[in-house]
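One structure is given below, encoded as structure tokens.
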Number of protein chains: 2
Amino acid sequence: MMSKLARYIPILDWGRRYDRASLGDDVMAAVIVTIMLIPQSLAYALLAGMPPEAGLYASIAPILLYAIFGTSRALAVGPVAVVSLMTAAALGQVAEQGSVGYAAAALTLAALSGAILLVMGLFRLGFLANFLSHPVIAGFITASGILIAISQLRHILGIEAGGATLIELGEGLVANVGNTHLATLIIGASVTAFLFWARRGLKPALRRIGFGPRLSDMGAKAGPVVAVIASTLAVWALGLDARGVAIVGTVPASLPPLTMPDLAPDIIAQLFLPALLISVIGFVESISVAQTLAAKKRERVAPNQELIGLGAANLGAAVTGGFPVTGGFSRSVVNFDAGARTPAAGAFTALGLAFAALALTPLIYFLPKATLAATIIVAVLALVDLGVLRRAWGYSRQDFAAVAATIAITLLFGVELGVSSGVAISVLLYLYKTSRPHIAEVGRIKGTEHFRNIHRHAVETDPAVVTLRVDESLYFANARFLEDHILTRVTEDKALRHVILQCSAINEIDLSALESLEAINLRLKEMGLALHLSEVKGPVMDRLKRSHFLDALTGRVFLSQHEAVAALSNEAGPSSAANTKKES
Amino acid sequence: MMSKLARYIPILDWGRRYDRASLGDDVMAAVIVTIMLIPQSLAYALLAGMPPEAGLYASIAPILLYAIFGTSRALAVGPVAVVSLMTAAALGQVAEQGSVGYAAAALTLAALSGAILLVMGLFRLGFLANFLSHPVIAGFITASGILIAISQLRHILGIEAGGATLIELGEGLVANVGNTHLATLIIGASVTAFLFWARRGLKPALRRIGFGPRLSDMGAKAGPVVAVIASTLAVWALGLDARGVAIVGTVPASLPPLTMPDLAPDIIAQLFLPALLISVIGFVESISVAQTLAAKKRERVAPNQELIGLGAANLGAAVTGGFPVTGGFSRSVVNFDAGARTPAAGAFTALGLAFAALALTPLIYFLPKATLAATIIVAVLALVDLGVLRRAWGYSRQDFAAVAATIAITLLFGVELGVSSGVAISVLLYLYKTSRPHIAEVGRIKGTEHFRNIHRHAVETDPAVVTLRVDESLYFANARFLEDHILTRVTEDKALRHVILQCSAINEIDLSALESLEAINLRLKEMGLALHLSEVKGPVMDRLKRSHFLDALTGRVFLSQHEAVAALSNEAGPSSAANTKKES
């Protein structure tokens with residue numbers, strides 16, 4: 001009973017073995033992550049079009065719920081860049097940014113996303129995420145990173161400009177670049193430059209001025225916090241807000257409020273598809289991070305339980321004034337590097353952020369939005385990896401097509417169409433490829449029992465026997481192709497008496513393909529040729545035995561290709577083979 | 001030049017070799033087919049909701065155009081049952097049956113369908129039809145046959161009742177069955193009974209009363225003509241039309257009119273998807289008939305040229321007052337059996353039908369609609385084959401699911417959703433299956449070089465070496481599954497030093513799977529295990545060589561599984577193998 005419950009509520013497992021050593025490490029990690037998360041949460045709220053406090057709220061209840069239901073020891077849940085961008089795209093279709101309806105719709109989106117993730121977890125549908133191929137994910141994240149970076153330029157320039165696609169964003173920037181606000185630009189550009197430098201240069205600089213390696217490392221990660229403090233002080237000291245620098249302004253000092261998402265049928269209908277895409281993308285991003293970190297400690301994460309953990313986290317966001325969340329890369333890596341040992345580290349982080357939401361919000365009144373935008377830009381540009389195009393091109397044209405289309409469609413038509421098209425294109429390319437299988441004619445490599453392609457290897461063949469190895473499962477999409485290929489091959493050849501299908505690469509024969517095999521058998525029979533099978537796999541053979549195909553087969557079924565050729569090369573014609581069938 | 005042109009216009013090829021013997025046979029076949037087609041064309045026009053003459057028109061220009069562009073010697077093109085039902089379903093969404101808009105929309109539908117087929121042919125997209133699996137087609141045709149038969153009952157009963165789904169049709173019949181018109185029912189029931197008997201009993205009966213075998217055979221096929229003549233005479237002689245028996249009435253005596261389909265963007269938008277489905281279903285039906293008949297004479301048909309032929313036929317229907325057409329099963333078989341040798345037989349049939357349209361229409365004034373409905377019912381019930389459910393169940397649950405869902409959705413939600421769902425379900429089931437591949441652990445069958453599943457065969461294995469044979473291509477949908485499976489298998493096993501992936505069934509490794517293999521290689525390395533590959537196929541190996549995977553591989557690549565086990569069983573540990581890589 002207990003162990004079954006613990007499968008769905010992992011805290012019951014690790015919580016009972018929790019000790020003082022873990023506590024110390026977890027609290028230390030939590031302090032570091034909290035400091036890092038304050039500016040990040042505010043920034044991603046800005047990106048999602050939400051008020052800044054929503055970013056803090058979205059990091060509190062979700063982290064606590066993930067600590068109870070999640071399986072990763074190091075994953076830190078909260079707003080992340082790509083999901084925040086997708087949230088803005090989804091909400092922009094139903095309400096105006098800044099309106100009451102917008103924030104309400106964000107709750108609905110989080111609730112829907114939570115429900116979808118939970119259902120996927122309970123029905124063990126985590127495998128569905130596998131249909132997002134690695135190149136499609138890489139392409140999608142790269143294109144999203146570009147869109148996010150460009151969308152934040154308006155805060156750096158201090159102008160009004162919107163849009164969800166490259167063209168809209170570009171037009172908005174070009175039309176308004178004349179209104180650039182100089183003081184804002186100076187802050188934005190300096191912070192951006194500082195953060196870029198801090199990523200690489202801050203740690204060695206701290207070492208040089210005498211800090212220890214561990215402290216230098218932590219200090220380098222606090223770069224954004226330094227930028228936040230410095231730029232806030234600058235605005236306050238110089239009164240730049242009165243000169244038109246956009247600031248965060250009044251943020252209510254409060255614990256996360258209790259909210260009830262609007263679940264009216266029409267808003268659910270409008271947001272269901274975006275919520276589904278957000279759920280799947282969020283899950284894929286989160287599970288990749290969780291698995292990478294777990295592998296470093298020889299641990300495993302349970303994908304379907306992760307869905308439940310993320311589902312609970314999003315439902316938590318929906319009832320505490322948040323918006324969709326998932327496991328983030330940078331925050332999780334920081335948590336891991338800072339020595340977090342259990343999900344309790346997340347719980348302590350939540351406490352830290354709750355304290356920030358309650359007590360520190362007056363301090364960020366003068367924080368310029370340009371600083372937050374700079375934080376986002378520097379973070380997302382690390383996600384942009386156009387090299388994936390080159391790597392895919394070098395490996396296969398098909399993977400290249402998928403990744404190029406995903407990038408292009410995401411940039412030109414937005415995130416939702418981008419990721420859907422990516423999945424559709426990779427599935428269609430796979431189906432197209434399997435519908436035209438590679439069929440090799442094989443012969444025996446001299447002195448072995450091994451058979452390979454006659455065009456690639458020096459092999460022995462018998463003019464009366466042709467062996468075709470079909471390099472694909474036989475199913476409806478390629479059944480007719482096989483029929484055409486075999487009949488075209490044999491009609492040219494007068495010396496032929498036996499056709500062997502080497503089935504070592506045939507993992508399935510569906511009903512359509514079975515009917516094609518029956519047709520092939522019949523046509524070959526009419527031409528005086530016998531059809532044999534070799535190396536039929538167990539599961540395929542089980543299936544064939546349930547049909548009448550083996551009764552009608554003019555030839556035999558051989559356990560190995562070697563046996564088949566040995567038997568048939570000693571025979572005169574096909575007729576003598578017709579009655580002795582043998583199972584593989 | 002000539003031969004290239006002849007590829008697209010096959011008449012240039014067979015037309016030059018046309019002789020007197022062919023002429024005689026073709027004219028004879030045309031006479032028989034014409035007699036059969038007159039009632040059939042009228043009936044399918046009724047089914048499509050079109051005026052009766054449209055059925056004749058749809059059989060004239062399309063046959064001529066197919067004779068020029070088509071490749072089948074025996075295929076007879078015109079209105080067929082399933083496509084007529086789909087036409088009625090599509091047009092019912094844009095106009096009322098009997099209205100001017102309805103007939104105009106039929107022209108648009110034929111034009112769109114023709115254009116789609118032509119484009120598919122010119123771009124050689126005929127393979128797309130392969131995604132309709134045999135069970136899905138069988139299920140769809142069976143369900144369509146049931147819907148057609150039930151939809152015609154209203155004409156037999158002489159009542160008003162409509163509907164496109166089983167439930168709508170059933171409700172319509174139940175609500176109106178009280179208004180059954182007795183004289184109509186008597187005609188309808190007698191004709192139905194006669195036609196059912198004629199299918200089996202007429203030929204022996206004719207033989208018994210002294211007709212020769214060939215004449216009896218032809219006479220039996222004239223059953224519908226006999227029914228048409230007898231019931232028409234009965235209505236005329238008894239004045240049944242005045243007593244409320246619905247008759248065909250005035251049909252204009254005219255050659256097919258020249259018509260211009262309405263190509264306004266909004267009607268195209270409404271009809272595009274139905275036209276696409278009609279095109280694909282029509283093509284699949286037609287090509288199946290054409291290939292079956294061609295095979296009997298050891299001829300081949302060219303699928304992409306067939307698309308061009310059918311496209312031209314539908315464009316012809318669009319400009320001569322018709323509606324969508326395709327190659328029909330019964331008319332083509334009759335044409336073939338009657339001895340048609342070339343597409344010229346079709347041209348002569350067109351002449352016969354043109355004569356009928358011009359001169360015979362006054363004779364069918366008194367033809368009762370119940371007779372046409374009976375003709376349809378008897379024809380389509382021959383298409384209904386619920387045995388496909390049993391056969392699919394016996395062979396595979398997956399094929400059964402596809403066929404059962406296609407039948408159920410077609411009956412309950414109509415033809416368009418039925419066929420689309422059938423395709424979607426079979427593709428999704430295939431993807432699901434390939435996403436969870438069969439992975440067998442294999443060992444050597446004693447005294448051979450052949451390796452099979454340790455759970456199915458008595459085999460030899462080495463405790464330090466495990467060989468896993470993955471029975472599927474590795475691609476994004478199963479990349480993670482493989483990773484999980486291998487790591488789960490090896491972590492239990494302390495004696496293990498070598499892991500061999502036998503790649504004989506791996507027909508492709510895409511970029512996602514390559515990244516998973518890299519991860520597997522790394523994890524195994526961390527555990528002190530070497531990863532080897534055996535029996536990698538040529539095209540897969542070509543691809544791997546273009547990546548860095550082989551440089552990082554901790555083990556070797558063996559040409560055959562036998563070599564791999566022989567080499568590794570004599571080794572102490574994985575390290576000695578690390579630097580001698582060998583190509584397969």
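Identifiers for the structure tokens are assigned positionally: chains receive A, B, ... in sequence, residues are indexed from 1 per chain, and ligands are indexed from 1 in the order shown.
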
Q.
Neighbouring residues of A:Leu411 were defined as those with any atom within 7 Å, considering only C-alpha atoms; residues of the same chain fewer than 5 positions away were excluded. Please report them as a list in words.
A. Ala143, Leu147, Thr165 and Leu166 of chain A

Output of the above residues as a JSON list (two decimals), in the first residue's frame, restricted to all heavy atoms:
```
[["chain", "number", "residue", "atom", "x", "y", "z"],
["A", 143, "ALA", "N", 14.57, 28.89, -32.82],
["A", 143, "ALA", "CA", 13.71, 29.92, -33.41],
["A", 143, "ALA", "C", 13.00, 30.70, -32.32],
["A", 143, "ALA", "O", 12.86, 31.93, -32.41],
["A", 143, "ALA", "CB", 12.71, 29.27, -34.36],
["A", 147, "LEU", "N", 13.06, 34.76, -31.60],
["A", 147, "LEU", "CA", 11.84, 35.57, -31.45],
["A", 147, "LEU", "C", 11.82, 36.30, -30.12],
["A", 147, "LEU", "O", 11.46, 37.48, -30.04],
["A", 147, "LEU", "CB", 10.59, 34.69, -31.56],
["A", 147, "LEU", "CG", 10.21, 34.18, -32.95],
["A", 147, "LEU", "CD1", 8.97, 33.30, -32.85],
["A", 147, "LEU", "CD2", 9.93, 35.35, -33.90],
["A", 165, "THR", "N", 5.56, 37.27, -34.78],
["A", 165, "THR", "CA", 6.39, 36.62, -35.79],
["A", 165, "THR", "C", 7.53, 37.55, -36.16],
["A", 165, "THR", "O", 7.50, 38.74, -35.85],
["A", 165, "THR", "CB", 5.59, 36.31, -37.07],
["A", 165, "THR", "OG1", 5.24, 37.55, -37.68],
["A", 165, "THR", "CG2", 4.33, 35.53, -36.76],
["A", 166, "LEU", "N", 8.52, 36.99, -36.84],
["A", 166, "LEU", "CA", 9.69, 37.77, -37.22],
["A", 166, "LEU", "C", 9.30, 39.03, -37.99],
["A", 166, "LEU", "O", 9.83, 40.11, -37.73],
["A", 166, "LEU", "CB", 10.59, 36.88, -38.09],
["A", 166, "LEU", "CG", 12.03, 37.30, -38.26],
["A", 166, "LEU", "CD1", 12.72, 37.39, -36.91],
["A", 166, "LEU", "CD2", 12.76, 36.29, -39.14]]
```

Can you work out which residues from chain B touch chain A at a cut-off of 6 Å (counting only C-alpha atoms) and hand them back as a short mmCIF file (atom, residue, chain, number, x, y, z; two decimals) with all heavy atoms, in the first residue's frame?
```cif
data_model
loop_
_atom_site.label_atom_id
_atom_site.label_comp_id
_atom_site.auth_asym_id
_atom_site.auth_seq_id
_atom_site.Cartn_x
_atom_site.Cartn_y
_atom_site.Cartn_z
N ASN B 130 -1.35 4.81 -51.26
CA ASN B 130 -0.97 3.63 -50.47
C ASN B 130 -1.23 3.82 -48.99
O ASN B 130 -1.26 2.85 -48.24
CB ASN B 130 0.52 3.32 -50.67
CG ASN B 130 0.81 2.95 -52.11
OD1 ASN B 130 -0.09 2.55 -52.84
ND2 ASN B 130 2.05 3.10 -52.52
N PHE B 131 -1.43 5.08 -48.55
CA PHE B 131 -1.70 5.29 -47.13
C PHE B 131 -3.12 4.89 -46.74
O PHE B 131 -3.46 4.86 -45.56
CB PHE B 131 -1.35 6.72 -46.72
CG PHE B 131 0.13 6.90 -46.63
CD1 PHE B 131 0.85 7.40 -47.69
CD2 PHE B 131 0.82 6.49 -45.51
CE1 PHE B 131 2.22 7.52 -47.63
CE2 PHE B 131 2.19 6.61 -45.43
CZ PHE B 131 2.90 7.12 -46.50
N SER B 133 -4.93 1.87 -46.18
CA SER B 133 -4.61 0.45 -46.08
C SER B 133 -5.77 -0.40 -46.60
O SER B 133 -6.91 0.05 -46.67
CB SER B 133 -4.30 0.10 -44.63
OG SER B 133 -5.48 0.05 -43.89
N HIS B 134 -5.47 -1.63 -46.96
CA HIS B 134 -6.52 -2.53 -47.47
C HIS B 134 -7.68 -2.65 -46.48
O HIS B 134 -8.84 -2.56 -46.89
CB HIS B 134 -5.95 -3.92 -47.78
CG HIS B 134 -4.93 -3.93 -48.87
ND1 HIS B 134 -4.56 -5.07 -49.54
CD2 HIS B 134 -4.19 -2.94 -49.42
CE1 HIS B 134 -3.63 -4.77 -50.43
NE2 HIS B 134 -3.39 -3.50 -50.38
N ASP B 471 14.21 -4.83 -33.29
CA ASP B 471 13.42 -5.15 -34.49
C ASP B 471 12.68 -3.94 -35.02
O ASP B 471 11.46 -3.97 -35.23
CB ASP B 471 12.42 -6.28 -34.16
CG ASP B 471 13.12 -7.62 -34.01
OD1 ASP B 471 14.33 -7.68 -34.30
OD2 ASP B 471 12.47 -8.59 -33.62
N PHE B 476 13.15 9.06 -34.18
CA PHE B 476 12.82 9.88 -33.01
C PHE B 476 11.80 9.27 -32.08
O PHE B 476 11.90 9.39 -30.87
CB PHE B 476 12.39 11.28 -33.45
CG PHE B 476 11.25 11.32 -34.45
CD1 PHE B 476 9.94 11.37 -34.02
CD2 PHE B 476 11.50 11.30 -35.81
CE1 PHE B 476 8.90 11.42 -34.93
CE2 PHE B 476 10.47 11.35 -36.72
CZ PHE B 476 9.17 11.40 -36.29
N ALA B 477 10.79 8.56 -32.65
CA ALA B 477 9.71 8.08 -31.80
C ALA B 477 10.13 6.94 -30.88
O ALA B 477 9.47 6.68 -29.88
CB ALA B 477 8.52 7.66 -32.65
N SER B 504 20.69 -5.98 -37.80
CA SER B 504 20.16 -6.54 -39.05
C SER B 504 18.76 -6.03 -39.37
O SER B 504 18.34 -6.06 -40.52
CB SER B 504 20.15 -8.07 -38.97
OG SER B 504 19.57 -8.49 -37.76
N ALA B 505 18.01 -5.60 -38.35
CA ALA B 505 16.65 -5.13 -38.62
C ALA B 505 16.55 -3.62 -38.54
O ALA B 505 15.46 -3.06 -38.57
CB ALA B 505 15.68 -5.77 -37.63
N ASN B 507 16.88 -0.33 -40.28
CA ASN B 507 16.94 0.12 -41.66
C ASN B 507 17.26 1.60 -41.76
O ASN B 507 17.51 2.11 -42.83
CB ASN B 507 15.60 -0.17 -42.34
CG ASN B 507 15.22 -1.62 -42.17
OD1 ASN B 507 16.02 -2.51 -42.46
ND2 ASN B 507 14.04 -1.88 -41.65
N SER B 512 17.89 11.91 -34.20
CA SER B 512 17.47 11.73 -32.80
C SER B 512 18.01 10.43 -32.25
O SER B 512 18.50 10.36 -31.12
CB SER B 512 15.95 11.70 -32.71
OG SER B 512 15.39 12.88 -33.19
#
```

Rounded to one decimal in Å, what is the spacing between atom CA of B:Leu468 and atom CA of B:Glu483?
->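 Computed distance, atom CA of B:Leu468 to atom CA of B:Glu483, equals 12.2 Å.
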
Task: Computed interatomic separation between atom CA of A:Leu496 and atom CA of A:Leu524 (Å) - done: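 Between atom CA of A:Leu496 and atom CA of A:Leu524 the gap is 10.7 Å.
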
Query raised in the report: Between A:Ile247, A:Ile407, A:Ile38, A:Leu487, which one has atoms that come closest to A:Phe355, using only C-alpha atoms?
Result: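 Among the listed residues, A:Ile38 lies closest to A:Phe355.
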
Q) What residues in stretch 16-54 of chain B get the DSSP label helix (DSSP H, G or I)? Please answer as an NGL selection string. A) :B and (16-17 or 20-47 or 52-54)

**Asked** Could you pull the residues within 10 Å of B:Ile146, counting only C-alpha atoms, minus those fewer than 5 positions along the same chain, as a list in words?
**Response**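 Using only C-alpha atoms, the neighbours found are Phe140, Ile141, Ser151, Leu166, Ile377, Val380, Leu381, Leu383, Val384, Asp385, Ile407, Thr410 and Leu411 of chain B.
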
Include all heavy atoms and write out the residues we just selected as an mmCIF file, in the first residue's frame.
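Contents of result_0.cif, freshly written:
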```cif
data_model
loop_
_atom_site.group_PDB
_atom_site.id
_atom_site.type_symbol
_atom_site.label_atom_id
_atom_site.label_comp_id
_atom_site.auth_asym_id
_atom_site.auth_seq_id
_atom_site.Cartn_x
_atom_site.Cartn_y
_atom_site.Cartn_z
ATOM 1 N N PHE B 140 -14.331 0.854 -45.361
ATOM 2 C CA PHE B 140 -15.016 2.028 -45.886
ATOM 3 C C PHE B 140 -16.037 1.643 -46.945
ATOM 4 O O PHE B 140 -17.176 2.133 -46.953
ATOM 5 C CB PHE B 140 -13.996 3.008 -46.472
ATOM 6 C CG PHE B 140 -14.615 4.226 -47.082
ATOM 7 C CD1 PHE B 140 -15.252 5.150 -46.289
ATOM 8 C CD2 PHE B 140 -14.588 4.413 -48.450
ATOM 9 C CE1 PHE B 140 -15.854 6.267 -46.841
ATOM 10 C CE2 PHE B 140 -15.176 5.528 -49.022
ATOM 11 C CZ PHE B 140 -15.816 6.454 -48.208
ATOM 12 N N ILE B 141 -15.652 0.740 -47.846
ATOM 13 C CA ILE B 141 -16.574 0.350 -48.917
ATOM 14 C C ILE B 141 -17.754 -0.421 -48.342
ATOM 15 O O ILE B 141 -18.908 -0.220 -48.749
ATOM 16 C CB ILE B 141 -15.810 -0.443 -50.004
ATOM 17 C CG1 ILE B 141 -14.904 0.542 -50.758
ATOM 18 C CG2 ILE B 141 -16.751 -1.160 -50.953
ATOM 19 C CD1 ILE B 141 -14.147 -0.038 -51.912
ATOM 20 N N SER B 151 -30.074 4.184 -47.800
ATOM 21 C CA SER B 151 -30.561 5.456 -48.343
ATOM 22 C C SER B 151 -31.539 5.240 -49.493
ATOM 23 O O SER B 151 -32.377 6.099 -49.777
ATOM 24 C CB SER B 151 -29.389 6.318 -48.813
ATOM 25 O OG SER B 151 -28.892 5.836 -50.055
ATOM 26 N N LEU B 166 -26.128 6.616 -40.492
ATOM 27 C CA LEU B 166 -27.015 5.516 -40.138
ATOM 28 C C LEU B 166 -28.165 6.002 -39.278
ATOM 29 O O LEU B 166 -29.330 5.633 -39.497
ATOM 30 C CB LEU B 166 -26.201 4.463 -39.376
ATOM 31 C CG LEU B 166 -26.802 3.066 -39.276
ATOM 32 C CD1 LEU B 166 -27.024 2.489 -40.648
ATOM 33 C CD2 LEU B 166 -25.868 2.156 -38.472
ATOM 34 N N ILE B 377 -29.403 -1.005 -54.867
ATOM 35 C CA ILE B 377 -29.318 -1.837 -53.659
ATOM 36 C C ILE B 377 -28.638 -3.165 -53.969
ATOM 37 O O ILE B 377 -27.723 -3.607 -53.264
ATOM 38 C CB ILE B 377 -30.732 -2.066 -53.062
ATOM 39 C CG1 ILE B 377 -31.245 -0.758 -52.456
ATOM 40 C CG2 ILE B 377 -30.705 -3.169 -52.010
ATOM 41 C CD1 ILE B 377 -32.673 -0.822 -51.953
ATOM 42 N N VAL B 380 -24.871 -2.593 -54.654
ATOM 43 C CA VAL B 380 -23.984 -2.232 -53.542
ATOM 44 C C VAL B 380 -23.925 -3.311 -52.467
ATOM 45 O O VAL B 380 -22.919 -3.422 -51.767
ATOM 46 C CB VAL B 380 -24.326 -0.875 -52.882
ATOM 47 C CG1 VAL B 380 -24.158 0.249 -53.874
ATOM 48 C CG2 VAL B 380 -25.685 -0.889 -52.240
ATOM 49 N N LEU B 381 -24.986 -4.105 -52.348
ATOM 50 C CA LEU B 381 -24.896 -5.142 -51.320
ATOM 51 C C LEU B 381 -23.797 -6.151 -51.650
ATOM 52 O O LEU B 381 -23.257 -6.798 -50.766
ATOM 53 C CB LEU B 381 -26.253 -5.830 -51.095
ATOM 54 C CG LEU B 381 -27.244 -4.951 -50.310
ATOM 55 C CD1 LEU B 381 -28.544 -5.713 -50.029
ATOM 56 C CD2 LEU B 381 -26.655 -4.449 -48.992
ATOM 57 N N LEU B 383 -20.973 -5.250 -52.494
ATOM 58 C CA LEU B 383 -19.742 -4.645 -51.976
ATOM 59 C C LEU B 383 -19.595 -4.852 -50.471
ATOM 60 O O LEU B 383 -18.508 -4.702 -49.923
ATOM 61 C CB LEU B 383 -19.741 -3.129 -52.226
ATOM 62 C CG LEU B 383 -19.896 -2.620 -53.647
ATOM 63 C CD1 LEU B 383 -19.946 -1.101 -53.658
ATOM 64 C CD2 LEU B 383 -18.731 -3.116 -54.499
ATOM 65 N N VAL B 384 -20.731 -5.132 -49.802
ATOM 66 C CA VAL B 384 -20.707 -5.226 -48.337
ATOM 67 C C VAL B 384 -20.046 -6.536 -47.930
ATOM 68 O O VAL B 384 -20.480 -7.617 -48.342
ATOM 69 C CB VAL B 384 -22.138 -5.133 -47.763
ATOM 70 C CG1 VAL B 384 -22.129 -5.407 -46.263
ATOM 71 C CG2 VAL B 384 -22.717 -3.753 -48.059
ATOM 72 N N ASP B 385 -18.972 -6.441 -47.146
ATOM 73 C CA ASP B 385 -18.218 -7.632 -46.758
ATOM 74 C C ASP B 385 -17.823 -7.485 -45.288
ATOM 75 O O ASP B 385 -16.739 -7.028 -44.971
ATOM 76 C CB ASP B 385 -16.984 -7.760 -47.659
ATOM 77 C CG ASP B 385 -16.026 -8.837 -47.158
ATOM 78 O OD1 ASP B 385 -16.483 -9.750 -46.435
ATOM 79 O OD2 ASP B 385 -14.837 -8.751 -47.492
ATOM 80 N N ILE B 407 -15.429 1.444 -40.220
ATOM 81 C CA ILE B 407 -16.837 1.087 -40.437
ATOM 82 C C ILE B 407 -17.731 1.890 -39.497
ATOM 83 O O ILE B 407 -18.714 2.523 -39.926
ATOM 84 C CB ILE B 407 -17.057 -0.431 -40.229
ATOM 85 C CG1 ILE B 407 -16.353 -1.216 -41.350
ATOM 86 C CG2 ILE B 407 -18.546 -0.764 -40.211
ATOM 87 C CD1 ILE B 407 -16.489 -2.715 -41.235
ATOM 88 N N THR B 410 -17.745 5.709 -40.347
ATOM 89 C CA THR B 410 -18.454 5.968 -41.604
ATOM 90 C C THR B 410 -19.961 5.855 -41.395
ATOM 91 O O THR B 410 -20.733 6.712 -41.831
ATOM 92 C CB THR B 410 -17.997 4.981 -42.690
ATOM 93 O OG1 THR B 410 -16.577 5.060 -42.814
ATOM 94 C CG2 THR B 410 -18.645 5.296 -44.026
ATOM 95 N N LEU B 411 -20.406 4.795 -40.708
ATOM 96 C CA LEU B 411 -21.840 4.605 -40.501
ATOM 97 C C LEU B 411 -22.414 5.716 -39.631
ATOM 98 O O LEU B 411 -23.494 6.236 -39.906
ATOM 99 C CB LEU B 411 -22.111 3.256 -39.830
ATOM 100 C CG LEU B 411 -21.905 2.008 -40.710
ATOM 101 C CD1 LEU B 411 -22.148 0.743 -39.896
ATOM 102 C CD2 LEU B 411 -22.845 2.037 -41.919
#
```

Item to complete: Name the residues in contact with B:Gly114 at a cut-off of 12 Å, using only C-alpha atoms, excluding same-chain residues fewer than 6 positions from it; report them as a VMD selection string.
Response: chain B and resid 62 65 to 66 107 to 108 120 to 121 261 272 275 to 276 278 to 280 282 to 283 306 to 319 323 to 326

Contacts of B:Val466 at 7 Å (only C-alpha atoms; same-chain gap of 4+ positions) as an NGL selection string: :B and (498-500)

_Counting only C-alpha atoms, which residue out of B:Val301, B:Ala76, B:Val33, B:Lys369 sits closest to B:Ile187?_
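Between B:Val301, B:Ala76, B:Val33, B:Lys369, the residue approaching B:Ile187 most closely is B:Lys369.
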
Just give me the gap between atom CA of A:Leu263 and atom CA of A:Tyr102 in Å, one decimal is fine.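 Straight-line distance from atom CA of A:Leu263 to atom CA of A:Tyr102 works out to 14.0 Å.
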
If we count only C-alpha atoms and set the cut-off at 10 Å, which residues sit around A:Ala379, ignoring sequence neighbours fewer than 4 positions away in its own chain? Please answer as a PyMOL selection string.
chain A and resi 40+81+145+149+195-196+199+330+373-375+383-384

Of A:Val333, A:Ile287, A:Leu531, A:Val235, the one nearest to A:Phe549 when counting only C-alpha atoms is A:Leu531

Do you know which residues are at most 8 Å from stretch 339-353 of chain B counting only C-alpha atoms, after dropping those on the same chain fewer than 6 positions away, and could you put them as JSON, numbers by chain? {"B": [14, 22, 23, 25, 26, 27, 28, 29, 30, 31, 33, 34, 38, 56, 59, 60, 61, 63, 64, 66, 67, 68, 70, 72, 73, 74, 75, 76]}

Taking only C-alpha atoms into account, which of B:Val226, B:Met50, B:Val248, B:Leu271 comes nearest B:Gly98?
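Checking each candidate against B:Gly98, we get B:Met50 as the closest.
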